[in-house]
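Have a look at upload_38.txt; it's compact mmCIF, C-alpha atoms and all ligand atoms:
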```
# COMPACT_ATOMS: atom_id res chain seq x y z
CA MET M 1 -32.82 4.49 120.47
CA GLN M 2 -31.65 1.10 121.81
CA THR M 3 -33.32 -0.04 125.02
CA TYR M 4 -30.77 -1.96 127.11
CA ASP M 5 -31.82 -4.76 129.42
CA THR M 6 -29.70 -3.07 132.11
CA ILE M 7 -27.69 0.11 132.62
CA VAL M 8 -25.04 -0.14 135.36
CA ILE M 9 -23.82 3.16 136.85
CA GLY M 10 -20.27 2.98 138.25
CA ASN M 11 -17.18 1.08 137.16
CA GLY M 12 -15.54 0.36 140.49
CA LEU M 13 -15.19 -3.28 141.48
CA ALA M 14 -18.95 -3.65 142.09
CA GLY M 15 -20.10 -2.15 138.76
CA ALA M 16 -17.37 -3.85 136.71
CA ALA M 17 -18.24 -7.27 138.14
CA ILE M 18 -22.03 -7.02 137.86
CA SER M 19 -21.94 -5.60 134.31
CA TYR M 20 -19.72 -8.52 133.20
CA GLU M 21 -21.82 -11.17 134.96
CA LEU M 22 -25.06 -9.79 133.47
CA SER M 23 -23.55 -9.85 129.96
CA LYS M 24 -22.47 -13.42 130.60
CA VAL M 25 -26.07 -14.48 131.28
CA GLY M 26 -27.12 -12.89 127.98
CA GLN M 27 -28.33 -9.40 128.94
CA SER M 28 -27.60 -6.30 126.84
CA VAL M 29 -25.75 -3.99 129.22
CA LEU M 30 -24.51 -0.39 129.15
CA LEU M 31 -21.88 0.49 131.78
CA ILE M 32 -21.63 4.22 132.53
CA ASP M 33 -18.73 5.61 134.57
CA ASP M 34 -17.61 9.18 135.15
CA GLY M 35 -13.91 8.24 135.34
CA ARG M 36 -13.33 10.10 138.61
CA ALA M 37 -9.90 9.52 140.14
CA ASP M 38 -11.04 8.94 143.71
CA SER M 39 -12.95 5.64 143.64
CA GLY M 40 -12.65 3.27 146.59
CA THR M 41 -11.42 0.58 144.22
CA ARG M 42 -8.60 2.73 142.81
CA TYR M 43 -6.86 3.16 146.20
CA SER M 44 -7.74 -0.20 147.73
CA TYR M 45 -5.22 -2.72 149.11
CA GLY M 46 -7.08 -5.44 147.16
CA GLY M 47 -6.88 -7.86 150.10
CA ILE M 48 -9.08 -10.97 150.06
CA GLY M 49 -9.86 -12.05 153.61
CA TYR M 50 -11.30 -15.40 152.57
CA TRP M 51 -10.74 -16.77 156.08
CA ALA M 52 -12.69 -13.99 157.85
CA GLY M 53 -16.27 -15.33 157.81
CA THR M 54 -18.08 -15.00 161.12
CA THR M 55 -21.42 -16.58 160.18
CA GLU M 56 -22.47 -19.50 158.00
CA LEU M 57 -23.44 -17.01 155.28
CA THR M 58 -20.24 -14.94 155.28
CA GLU M 59 -18.00 -18.00 155.63
CA MET M 60 -19.66 -19.58 152.59
CA LEU M 61 -19.39 -16.35 150.56
CA PHE M 62 -15.77 -15.61 151.53
CA ARG M 63 -14.75 -19.17 150.58
CA ALA M 64 -16.67 -18.81 147.29
CA GLY M 65 -14.73 -15.55 146.81
CA ILE M 66 -11.30 -17.18 146.72
CA VAL M 67 -12.59 -19.96 144.45
CA ARG M 68 -13.95 -17.32 142.03
CA HIS M 69 -10.66 -15.34 142.13
CA ARG M 70 -8.77 -18.47 141.09
CA GLU M 71 -11.10 -18.87 138.08
CA LEU M 72 -11.08 -15.23 136.96
CA PRO M 73 -7.60 -14.82 135.38
CA ASP M 74 -8.34 -17.56 132.80
CA GLU M 75 -11.98 -16.61 132.36
CA LEU M 76 -11.28 -12.87 131.87
CA GLY M 77 -8.01 -13.37 130.02
CA VAL M 78 -5.96 -11.06 132.29
CA ASP M 79 -3.39 -11.40 135.03
CA THR M 80 -5.22 -10.04 138.09
CA GLN M 81 -1.95 -10.42 140.06
CA LEU M 82 -3.68 -12.83 142.43
CA ARG M 83 -1.24 -14.06 145.08
CA GLU M 84 -1.18 -15.54 148.56
CA LEU M 85 0.73 -13.62 151.23
CA ASP M 86 0.97 -13.28 155.00
CA LEU M 87 -1.36 -10.85 156.72
CA LEU M 88 0.19 -9.37 159.86
CA LEU M 89 -2.11 -7.60 162.32
CA THR M 90 0.28 -5.80 164.62
CA VAL M 91 -0.20 -5.25 168.35
CA ALA M 92 1.61 -2.03 169.37
CA LYS M 93 3.96 -2.03 172.37
CA GLY M 94 1.91 -1.71 175.56
CA GLU M 95 -1.38 -2.75 173.92
CA ALA M 96 -3.30 -5.74 175.32
CA ILE M 97 -2.93 -8.89 173.20
CA ALA M 98 -6.05 -10.41 174.80
CA ALA M 99 -8.28 -7.54 173.65
CA ALA M 100 -7.22 -8.02 170.03
CA LYS M 101 -7.59 -11.80 170.33
CA GLU M 102 -11.15 -11.41 171.55
CA SER M 103 -12.10 -9.51 168.40
CA TYR M 104 -11.08 -12.52 166.28
CA CYS M 105 -12.99 -15.07 168.40
CA ALA M 106 -16.08 -14.98 166.20
CA MET M 107 -14.06 -15.93 163.10
CA ARG M 108 -14.21 -19.55 162.00
CA THR M 109 -10.46 -19.44 161.20
CA PRO M 110 -8.96 -16.82 163.53
CA PRO M 111 -5.44 -15.41 162.95
CA GLN M 112 -2.81 -16.76 165.37
CA PHE M 113 -0.60 -14.62 167.63
CA VAL M 114 3.18 -14.66 167.15
CA ASP M 115 5.74 -12.74 169.22
CA ALA M 116 7.69 -9.75 167.89
CA LYS M 117 10.73 -11.85 166.90
CA THR M 118 8.63 -14.25 164.80
CA ALA M 119 6.62 -11.37 163.29
CA CYS M 120 9.90 -9.74 162.19
CA GLU M 121 11.08 -13.01 160.64
CA ILE M 122 7.88 -13.02 158.57
CA GLU M 123 8.24 -9.30 157.75
CA PRO M 124 11.78 -7.94 158.16
CA GLN M 125 10.57 -4.33 157.69
CA LEU M 126 8.75 -4.46 161.06
CA ASN M 127 10.36 -2.69 164.01
CA PRO M 128 10.61 -5.29 166.84
CA THR M 129 10.80 -2.62 169.55
CA ALA M 130 7.46 -1.06 168.50
CA ILE M 131 5.28 -4.17 168.70
CA GLU M 132 4.27 -6.84 171.21
CA GLY M 133 3.85 -9.17 168.23
CA ALA M 134 1.23 -9.74 165.56
CA PHE M 135 -1.72 -11.92 164.68
CA THR M 136 -1.03 -13.67 161.41
CA ILE M 137 -2.85 -15.74 158.81
CA ARG M 138 -2.46 -16.54 155.12
CA HIS M 139 -4.38 -13.97 153.06
CA ALA M 140 -4.84 -13.32 149.35
CA GLN M 141 -4.56 -10.20 147.25
CA VAL M 142 -5.12 -8.90 143.72
CA ASP M 143 -4.20 -5.68 141.98
CA PRO M 144 -7.57 -3.82 142.15
CA MET M 145 -7.35 -2.05 138.79
CA SER M 146 -6.08 -5.17 136.97
CA LEU M 147 -9.19 -6.99 138.16
CA VAL M 148 -11.47 -4.14 137.01
CA ALA M 149 -9.64 -4.00 133.65
CA GLY M 150 -10.16 -7.75 133.29
CA TYR M 151 -13.89 -7.55 133.98
CA ASN M 152 -14.17 -4.61 131.51
CA LYS M 153 -12.25 -6.43 128.76
CA ALA M 154 -14.36 -9.59 129.04
CA PHE M 155 -17.54 -7.46 129.25
CA ARG M 156 -16.73 -5.73 125.95
CA GLN M 157 -15.88 -9.08 124.33
CA LEU M 158 -19.39 -10.25 125.25
CA GLY M 159 -20.85 -7.22 123.44
CA GLY M 160 -21.24 -4.93 126.47
CA HIS M 161 -21.12 -1.16 125.87
CA HIS M 162 -18.95 1.06 128.07
CA ASN M 163 -19.58 4.81 128.18
CA LEU M 164 -17.27 7.30 129.88
CA SER M 165 -19.60 10.01 131.20
CA ALA M 166 -21.27 11.05 134.43
CA ALA M 167 -24.81 9.86 135.06
CA THR M 168 -26.62 13.07 135.95
CA GLY M 169 -29.96 11.48 136.77
CA ILE M 170 -32.14 8.40 136.77
CA VAL M 171 -35.08 8.75 134.39
CA ARG M 172 -38.47 7.36 135.37
CA VAL M 173 -42.06 7.55 134.26
CA GLU M 174 -44.30 7.53 137.32
CA ASP M 175 -43.03 4.63 139.48
CA THR M 176 -41.02 2.84 136.76
CA VAL M 177 -37.42 3.46 135.74
CA THR M 178 -36.88 4.05 132.01
CA GLY M 179 -33.20 4.92 131.74
CA VAL M 180 -30.32 7.19 132.70
CA MET M 181 -29.46 10.77 131.81
CA THR M 182 -25.86 11.81 131.15
CA GLN M 183 -24.52 15.27 130.27
CA ALA M 184 -24.57 14.32 126.57
CA GLN M 185 -27.75 12.27 126.17
CA ALA M 186 -30.36 9.96 127.68
CA TYR M 187 -30.09 6.16 127.50
CA ALA M 188 -33.07 3.82 127.76
CA ALA M 189 -33.15 0.62 129.82
CA LYS M 190 -35.59 -1.78 131.42
CA LYS M 191 -33.50 -1.84 134.59
CA VAL M 192 -30.89 0.47 136.18
CA ILE M 193 -28.34 -0.81 138.71
CA VAL M 194 -26.67 1.90 140.77
CA ALA M 195 -23.14 0.75 141.71
CA ALA M 196 -21.58 4.19 142.14
CA GLY M 197 -20.13 3.64 145.62
CA ALA M 198 -20.84 6.55 147.98
CA TYR M 199 -22.15 8.61 145.05
CA SER M 200 -25.05 6.14 144.79
CA LEU M 201 -26.63 8.08 147.66
CA GLN M 202 -26.78 11.30 145.60
CA LEU M 203 -28.29 9.55 142.57
CA LEU M 204 -30.93 7.84 144.70
CA ARG M 205 -31.77 10.95 146.75
CA ALA M 206 -32.46 12.82 143.50
CA VAL M 207 -35.33 10.39 142.81
CA GLY M 208 -36.56 10.59 146.40
CA VAL M 209 -35.01 7.33 147.66
CA GLN M 210 -33.18 7.05 151.02
CA VAL M 211 -31.25 3.85 151.78
CA PRO M 212 -29.26 2.81 154.89
CA LEU M 213 -25.90 3.11 153.13
CA TYR M 214 -23.04 4.99 154.80
CA PHE M 215 -19.52 6.02 153.82
CA THR M 216 -16.22 6.96 155.35
CA HIS M 217 -13.51 9.15 153.87
CA ALA M 218 -10.30 7.14 153.47
CA GLU M 219 -6.87 8.74 153.20
CA ILE M 220 -3.67 6.97 152.15
CA ILE M 221 -0.21 7.77 150.80
CA GLU M 222 0.49 6.22 147.41
CA THR M 223 4.24 5.79 147.01
CA ALA M 224 6.63 5.72 144.07
CA PRO M 225 8.30 2.30 143.48
CA LEU M 226 10.22 1.42 146.67
CA ASP M 227 13.85 0.26 146.60
CA PHE M 228 13.09 -2.32 149.30
CA GLU M 229 10.54 -5.11 149.65
CA VAL M 230 7.52 -5.31 151.96
CA ARG M 231 6.46 -8.96 151.79
CA SER M 232 3.24 -8.90 153.81
CA LEU M 233 0.00 -6.98 154.09
CA ILE M 234 0.32 -5.14 157.41
CA MET M 235 -2.45 -3.56 159.45
CA PRO M 236 -2.96 -2.97 163.17
CA ALA M 237 -4.88 -5.58 165.16
CA THR M 238 -7.24 -2.97 166.57
CA ASN M 239 -10.85 -3.09 165.45
CA ALA M 240 -11.33 0.68 165.61
CA ARG M 241 -12.53 0.95 161.99
CA THR M 242 -15.00 -1.93 162.28
CA ASP M 243 -16.30 -0.32 165.48
CA LEU M 244 -16.68 2.91 163.55
CA GLU M 245 -18.53 1.14 160.73
CA SER M 246 -20.89 -0.70 163.05
CA ALA M 247 -21.72 2.46 165.00
CA SER M 248 -25.35 3.39 164.44
CA PRO M 249 -25.62 7.09 163.70
CA GLU M 250 -28.94 8.69 164.48
CA PRO M 251 -30.62 9.42 161.11
CA ALA M 252 -30.60 13.11 162.07
CA GLU M 253 -26.79 13.00 162.58
CA TRP M 254 -26.23 11.44 159.15
CA GLN M 255 -28.46 14.07 157.48
CA LYS M 256 -26.50 17.04 158.90
CA PRO M 257 -24.44 18.72 156.17
CA ASN M 258 -20.65 18.88 156.57
CA HIS M 259 -20.77 17.08 159.91
CA GLN M 260 -18.26 14.78 161.66
CA VAL M 261 -20.32 11.81 162.90
CA MET M 262 -17.45 10.11 164.78
CA PRO M 263 -13.78 10.99 165.48
CA PRO M 264 -11.31 9.73 162.83
CA VAL M 265 -9.47 6.41 163.09
CA LEU M 266 -5.85 5.93 161.94
CA GLU M 267 -4.67 2.39 161.13
CA ALA M 268 -0.96 2.32 160.28
CA GLY M 269 -0.55 -0.30 157.56
CA VAL M 270 0.93 -1.00 154.15
CA ILE M 271 0.67 -3.16 151.05
CA GLN M 272 3.24 -3.28 148.26
CA PHE M 273 2.21 -4.16 144.70
CA GLN M 274 4.10 -6.07 142.02
CA ASP M 275 5.30 -2.80 140.44
CA LYS M 276 7.00 -2.01 143.82
CA THR M 277 4.69 0.93 144.59
CA ALA M 278 2.95 0.78 147.96
CA ARG M 279 -0.16 2.15 149.64
CA ILE M 280 0.40 3.34 153.19
CA GLY M 281 -2.70 3.93 155.20
CA GLN M 282 -5.09 4.62 156.41
CA ILE M 283 -7.21 7.30 158.01
CA SER M 284 -10.99 6.73 158.07
CA ARG M 285 -13.25 9.70 158.77
CA PHE M 286 -16.99 9.30 159.34
CA HIS M 287 -18.08 12.66 157.94
CA THR M 288 -21.18 13.60 155.94
CA ALA M 289 -19.45 15.86 153.35
CA LEU M 290 -18.53 14.31 150.00
CA MET M 291 -15.41 16.49 149.70
CA PRO M 292 -12.34 15.67 151.85
CA PRO M 293 -12.92 17.25 155.26
CA VAL M 294 -9.19 17.96 155.86
CA GLU M 295 -6.16 19.41 154.09
CA ALA M 296 -3.95 16.87 152.30
CA SER M 297 -0.90 17.95 154.33
CA VAL M 298 -2.67 17.25 157.65
CA GLY M 299 -3.64 13.71 156.64
CA GLU M 300 -0.24 12.96 155.10
CA ARG M 301 1.66 14.12 158.21
CA ALA M 302 -0.54 11.99 160.49
CA ILE M 303 -0.06 8.85 158.36
CA ARG M 304 3.74 9.34 158.19
CA GLU M 305 3.99 9.84 161.97
CA ALA M 306 1.91 6.71 162.64
CA ILE M 307 3.75 4.41 160.20
CA ALA M 308 7.15 5.48 161.62
CA HIS M 309 6.62 3.25 164.69
CA PRO M 310 5.93 -0.21 163.22
CA LEU M 311 7.60 0.39 159.81
CA PRO M 312 10.26 3.12 160.17
CA ASN M 313 11.64 2.75 156.62
CA LEU M 314 8.30 3.92 155.23
CA LYS M 315 8.14 7.22 157.12
CA ASP M 316 9.88 9.39 154.52
CA VAL M 317 9.41 7.48 151.24
CA PRO M 318 8.29 9.69 148.33
CA GLY M 319 4.54 9.49 147.93
CA THR M 320 1.31 11.39 147.35
CA TRP M 321 -1.70 11.78 149.65
CA ARG M 322 -4.88 10.28 148.17
CA HIS M 323 -8.50 10.45 149.23
CA CYS M 324 -11.56 8.37 148.38
CA LEU M 325 -14.93 7.31 149.80
CA VAL M 326 -15.70 3.79 151.07
CA THR M 327 -19.27 2.58 151.59
CA PHE M 328 -20.54 0.23 154.28
CA THR M 329 -23.74 -0.91 155.99
CA GLN M 330 -24.38 -1.40 159.67
CA ASP M 331 -24.62 -5.19 159.54
CA ASN M 332 -21.52 -5.64 157.31
CA LEU M 333 -23.60 -7.26 154.56
CA PRO M 334 -23.92 -5.58 151.17
CA LEU M 335 -26.97 -3.59 150.15
CA LEU M 336 -28.45 -5.09 147.01
CA GLY M 337 -31.62 -5.42 145.11
CA SER M 338 -34.59 -3.47 143.96
CA VAL M 339 -35.37 -0.13 145.52
CA PRO M 340 -38.87 -0.58 146.96
CA SER M 341 -40.65 2.49 145.57
CA ILE M 342 -39.33 2.50 141.96
CA LYS M 343 -39.77 -0.50 139.66
CA GLY M 344 -36.61 -1.50 137.79
CA LEU M 345 -34.24 0.53 140.01
CA HIS M 346 -31.59 -1.55 141.82
CA LEU M 347 -28.62 -0.90 144.13
CA PHE M 348 -25.38 -2.94 144.24
CA SER M 349 -23.14 -1.42 146.91
CA GLY M 350 -22.12 -1.32 150.59
CA PHE M 351 -19.75 -4.31 150.55
CA THR M 352 -17.48 -4.82 153.57
CA GLY M 353 -14.59 -6.95 152.27
CA PRO M 354 -15.63 -6.39 148.65
CA PHE M 355 -12.58 -8.07 147.14
CA ALA M 356 -13.69 -11.36 148.69
CA LEU M 357 -17.43 -10.81 148.31
CA VAL M 358 -18.12 -8.96 145.05
CA PRO M 359 -16.97 -11.67 142.57
CA PRO M 360 -19.20 -14.46 143.95
CA VAL M 361 -22.10 -12.16 144.84
CA ALA M 362 -22.11 -10.50 141.39
CA GLN M 363 -22.26 -13.94 139.79
CA ARG M 364 -25.18 -14.97 142.01
CA TYR M 365 -26.96 -11.64 141.57
CA ALA M 366 -26.85 -11.90 137.76
CA GLN M 367 -28.37 -15.39 137.98
CA HIS M 368 -30.92 -14.15 140.52
CA LEU M 369 -32.04 -11.41 138.11
CA SER M 370 -32.10 -13.53 134.98
CA GLU M 371 -33.20 -16.97 136.15
CA SER M 372 -34.65 -17.71 139.54
CA SER M 373 -34.67 -16.07 142.94
CA ASP M 374 -31.57 -16.88 145.05
CA GLU M 375 -32.09 -17.30 148.80
CA ILE M 376 -28.53 -16.11 149.56
CA ILE M 377 -29.15 -12.87 147.65
CA GLU M 378 -32.49 -12.44 149.45
CA GLN M 379 -30.55 -12.12 152.73
CA MET M 380 -28.66 -9.09 151.40
CA THR M 381 -31.48 -7.05 149.88
CA ILE M 382 -32.61 -3.60 150.99
CA ALA M 383 -35.81 -5.26 152.23
CA ARG M 384 -33.99 -6.52 155.36
CA PHE M 385 -33.95 -2.95 156.73
CA LEU M 386 -37.63 -2.20 156.01
C1 LIG Q 401 -7.10 2.31 151.62
C2 LIG Q 401 -8.15 1.29 151.34
C3 LIG Q 401 -7.85 -0.05 151.49
C4 LIG Q 401 -8.83 -1.01 151.23
N1 LIG Q 401 -8.49 -2.31 151.35
C5 LIG Q 401 -9.38 -3.26 151.06
C6 LIG Q 401 -9.01 -4.63 151.10
O1 LIG Q 401 -7.87 -4.97 151.40
N2 LIG Q 401 -9.96 -5.55 150.79
C7 LIG Q 401 -11.24 -5.20 150.45
O2 LIG Q 401 -12.05 -6.08 150.18
N3 LIG Q 401 -11.61 -3.90 150.39
C8 LIG Q 401 -10.73 -2.93 150.67
N4 LIG Q 401 -11.08 -1.61 150.60
C9 LIG Q 401 -12.48 -1.25 150.24
C10 LIG Q 401 -12.74 -1.35 148.77
O3 LIG Q 401 -11.65 -1.04 147.99
C11 LIG Q 401 -13.91 -0.48 148.31
O4 LIG Q 401 -14.92 -0.50 149.25
C12 LIG Q 401 -14.48 -1.02 147.01
O5 LIG Q 401 -13.49 -1.14 146.05
C13 LIG Q 401 -15.64 -0.19 146.55
O6 LIG Q 401 -16.05 -0.59 145.27
P1 LIG Q 401 -17.36 0.02 144.60
O7 LIG Q 401 -17.37 -0.44 143.21
O8 LIG Q 401 -18.54 -0.28 145.46
O9 LIG Q 401 -17.18 1.62 144.70
P2 LIG Q 401 -16.10 2.55 144.00
O10 LIG Q 401 -14.82 1.86 143.80
O11 LIG Q 401 -16.07 3.83 144.77
O12 LIG Q 401 -16.69 2.80 142.55
C14 LIG Q 401 -17.74 3.68 142.27
C15 LIG Q 401 -17.61 4.10 140.81
O13 LIG Q 401 -18.75 4.88 140.45
C16 LIG Q 401 -18.33 5.96 139.66
N5 LIG Q 401 -19.34 7.01 139.76
C17 LIG Q 401 -19.70 7.72 140.86
N6 LIG Q 401 -20.69 8.59 140.56
C18 LIG Q 401 -20.97 8.40 139.25
C19 LIG Q 401 -21.90 9.00 138.35
N7 LIG Q 401 -22.76 9.95 138.73
N8 LIG Q 401 -21.92 8.58 137.06
C20 LIG Q 401 -21.07 7.62 136.63
N9 LIG Q 401 -20.17 7.02 137.45
C21 LIG Q 401 -20.12 7.40 138.74
C22 LIG Q 401 -16.96 6.33 140.24
O14 LIG Q 401 -16.17 7.04 139.32
C23 LIG Q 401 -16.39 4.95 140.54
O15 LIG Q 401 -15.69 4.44 139.43
C24 LIG Q 401 -10.13 -0.62 150.82
C25 LIG Q 401 -10.42 0.72 150.63
C26 LIG Q 401 -9.44 1.67 150.86
C27 LIG Q 401 -9.76 3.10 150.61
```
For this file, write the structure as structure tokens.
Ligand SMILES: Cc1cc2nc3c(=O)[nH]c(=O)nc-3n(C[C@H](O)[C@H](O)[C@H](O)COP(=O)(O)OP(=O)(O)OC[C@H]3O[C@@H](n4cnc5c(N)ncnc54)[C@H](O)[C@@H]3O)c2cc1C
Amino acid sequence: MQTYDTIVIGNGLAGAAISYELSKVGQSVLLIDDGRADSGTRYSYGGIGYWAGTTELTEMLFRAGIVRHRELPDELGVDTQLRELDLLLTVAKGEAIAAAKESYCAMRTPPQFVDAKTACEIEPQLNPTAIEGAFTIRHAQVDPMSLVAGYNKAFRQLGGHHNLSAATGIVRVEDTVTGVMTQAQAYAAKKVIVAAGAYSLQLLRAVGVQVPLYFTHAEIIETAPLDFEVRSLIMPATNARTDLESASPEPAEWQKPNHQVMPPVLEAGVIQFQDKTARIGQISRFHTALMPPVEASVGERAIREAIAHPLPNLKDVPGTWRHCLVTFTQDNLPLLGSVPSIKGLHLFSGFTGPFALVPPVAQRYAQHLSESSDEIIEQMTIARFL
């Protein structure tokens, strides 16, 4: 049986990027993915907030992100549908503009406020009577699955192996990882990188490892091609979801089965893709179950009612409710690196703003593992929480 240098579990954005970057530095890599429909990457907006750094570290990484995105179409040989567009962060009628502005103060390049008339000139679909105005900035965006397909194609061209099956367990002998078990067979490797999004928690728990990684349930409506254009990426200017993600649940709360940790947050927003389909979102629920905690019809009705105010033309467009899980950490930095108690077992997950961060961080992480230790990567390892 072949012993791979590395097995990567999970082919969302994180797993696709790290498996490609490791192949590029000469490692033999097996990428295992279960092909589930509800990955965070599959239903993402694909927005690249390269302007949104709040510290020296995140500003440097976000800027490196947009540079890497500009290189990737040629390097991977695919059109990732990278484009620049306006981001509009709407302030609903009656909401305080100052409160929203304060939340952008920490950003090195904060979005600027424009009144309702100007916001509607930027995005004619907006309802001027429903908003005070919007904060706006130039943003970037890719088609999430085109980017993953590009990483996968280039990975295979470098000799990487891609296996469509569920990893059912991590194999170890005493305190050292030796491979991965799937339903069909076992695969041997010197190192295993778990990049399975929220499902990473299950795989790690099964070998007795707990990590400070959390997830929310996200709900959106995925539409059929629209017969009108939405030019911008639109989201509300509230920071309710970031508040939710930086909330610190008591460990006991997070361990409770089927438990709502915080009340849900609904952010009425939309992004349209080049094929004219759109994703209308988004509800985030901080709930410990892995299965959706609500009926599809309940989530869909709530999203349609919320979007009707800022973007009335979207209220009744044909579309389907979708659900997925999105991981995060409490300090908004990813959770990378070797798992302390098991040699050769690594995690690559928990990215906030992954479309900006994953491409440059995956490149650095591959170099960190194959050549020399990288001080930027060291700041994102699991060790920071120990
Ligand atoms: C509505 C919405 C909008 C978003 N907008 C943005 C945005 O504009 N910008 C941004 O940066 N981020 C955005 N995000 C967040 C982002 O899309 C996700 O956080 C990110 O794509 C997660 O990538 P991942 O690879 O870590 O996890 P995932 O995409 O969840 O991938 C995990 C993979 O692991 C596989 N897997 C799981 N268990 C197993 C197993 N046992 N064996 C094998 N494979 C397994 C799954 O099938 C999946 O393919 C958004 C998310 C949502 C839901």
Quiz item: When you draw a straight line from atom P2 of ligand LIG 401 (chain Q) to atom CA of Leu88 of chain M, how long is it in Å?
Solution: 25.7 Å
Quiz item: Contacts of segment 235-238 of chain M at 12 Å or less, counting only C-alpha atoms, minus same-chain residues fewer than 6 places along, as a VMD selection string?
Solution: chain M and resid 45 47 86 to 93 95 to 104 111 to 113 126 130 to 136 244 265 to 271 279 to 283 306 to 307 309 to 311
Exercise. Tell me which protein, DNA and RNA residues are within 12 Å of Ile66 of chain M, counting all atoms listed in the file, leaving out same-chain ones fewer than 6 positions away, and put them as a list of chain:residue names.
Key: M:Gly47, M:Ile48, M:Gly49, M:Tyr50, M:Trp51, M:Ala52, M:Glu59, M:Met60, M:Leu72, M:Leu82, M:Arg83, M:Glu84, M:His139, M:Ala140, M:Gln141, M:Val142, M:Pro354, M:Phe355, M:Ala356, M:Leu357, M:Val358, M:Pro359, M:Pro360
Practice problem: Mind giving me the straight-line distance from atom CA of Lys256 of chain M to atom C18 of ligand LIG 401 (chain Q) in Å, one decimal? | Solution: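 Atom-to-atom, atom CA of Lys256 of chain M to atom C18 of ligand LIG 401 (chain Q), that is 22.2 Å.
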Exercise. Considering only C-alpha atoms and all ligand atoms, state which residue in the set M:Asp33, M:Asp275, M:Asp5, M:Glu250 is at the smallest distance from ligand LIG 401 (chain Q).
Key: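 Using only C-alpha atoms and all ligand atoms, ligand LIG 401 (chain Q) sits closest to M:Asp33.
One finds atom CA of Thr329 of chain M at 23.5 Å from atom CA of Lys191 of chain M.
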Quiz prompt | Nearest to ligand LIG 401 (chain Q) by atom-to-atom distance, counting all atoms listed in the file, from M:Asp331, M:Glu123, M:Asp374, M:Asp34 | solution =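 Ranking M:Asp331, M:Glu123, M:Asp374, M:Asp34 by distance to ligand LIG 401 (chain Q), first place goes to M:Asp34.
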Exercise. Give the answer as one residue: which of M:His69, M:His323, M:His287, M:Arg108 has the shortest atom-to-atom distance to ligand LIG 401 (chain Q), using all atoms listed in the file?
Key: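 Of M:His69, M:His323, M:His287, M:Arg108, the one nearest ligand LIG 401 (chain Q), counting all atoms listed in the file, is M:His323.
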Taking all listed atoms of ligand LIG 401 (chain Q), build the axis-aligned box, pad each of the six sides by 5 Å, then write its centre and edge lengths in Å to one decimal as JSON.
```
{"center_x": -14.9, "center_y": 1.9, "center_z": 144.1, "size_x": 25.7, "size_y": 26.0, "size_z": 25.0}
```
Practice problem: Name all residues at most 12 Å from Gly344 of chain M (count all atoms listed in the file; drop same-chain ones fewer than 6 positions away) and give them as a PyMOL selection string. | Solution: chain M and resi 5-8+170-180+188-194+337-338+369
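With all atoms listed in the file as the atoms that count, the minimum distance from ligand LIG 401 (chain Q) to the choices M:Val25, M:Met107, M:Val326, M:Leu85 is reached by M:Val326.
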Practice problem: Fewer than 3 positions away in the same chain doesn't count, so skip those; otherwise give me all residues within 6 Å of Leu336 of chain M, counting all atoms listed in the file, as a VMD selection string. | Solution: chain M and resid 347 to 348 380 to 382
Exercise. Measuring atom to atom with all atoms listed in the file, identify which of M:His161, M:Lys117, M:Arg36, M:Arg70 is nearest to ligand LIG 401 (chain Q).
Key: M:Arg36
Quiz item: Counting all atoms listed in the file, which of M:Cys105, M:Leu233, M:Leu333, M:Leu30 gets nearest to Leu57 of chain M?
Solution: M:Leu333
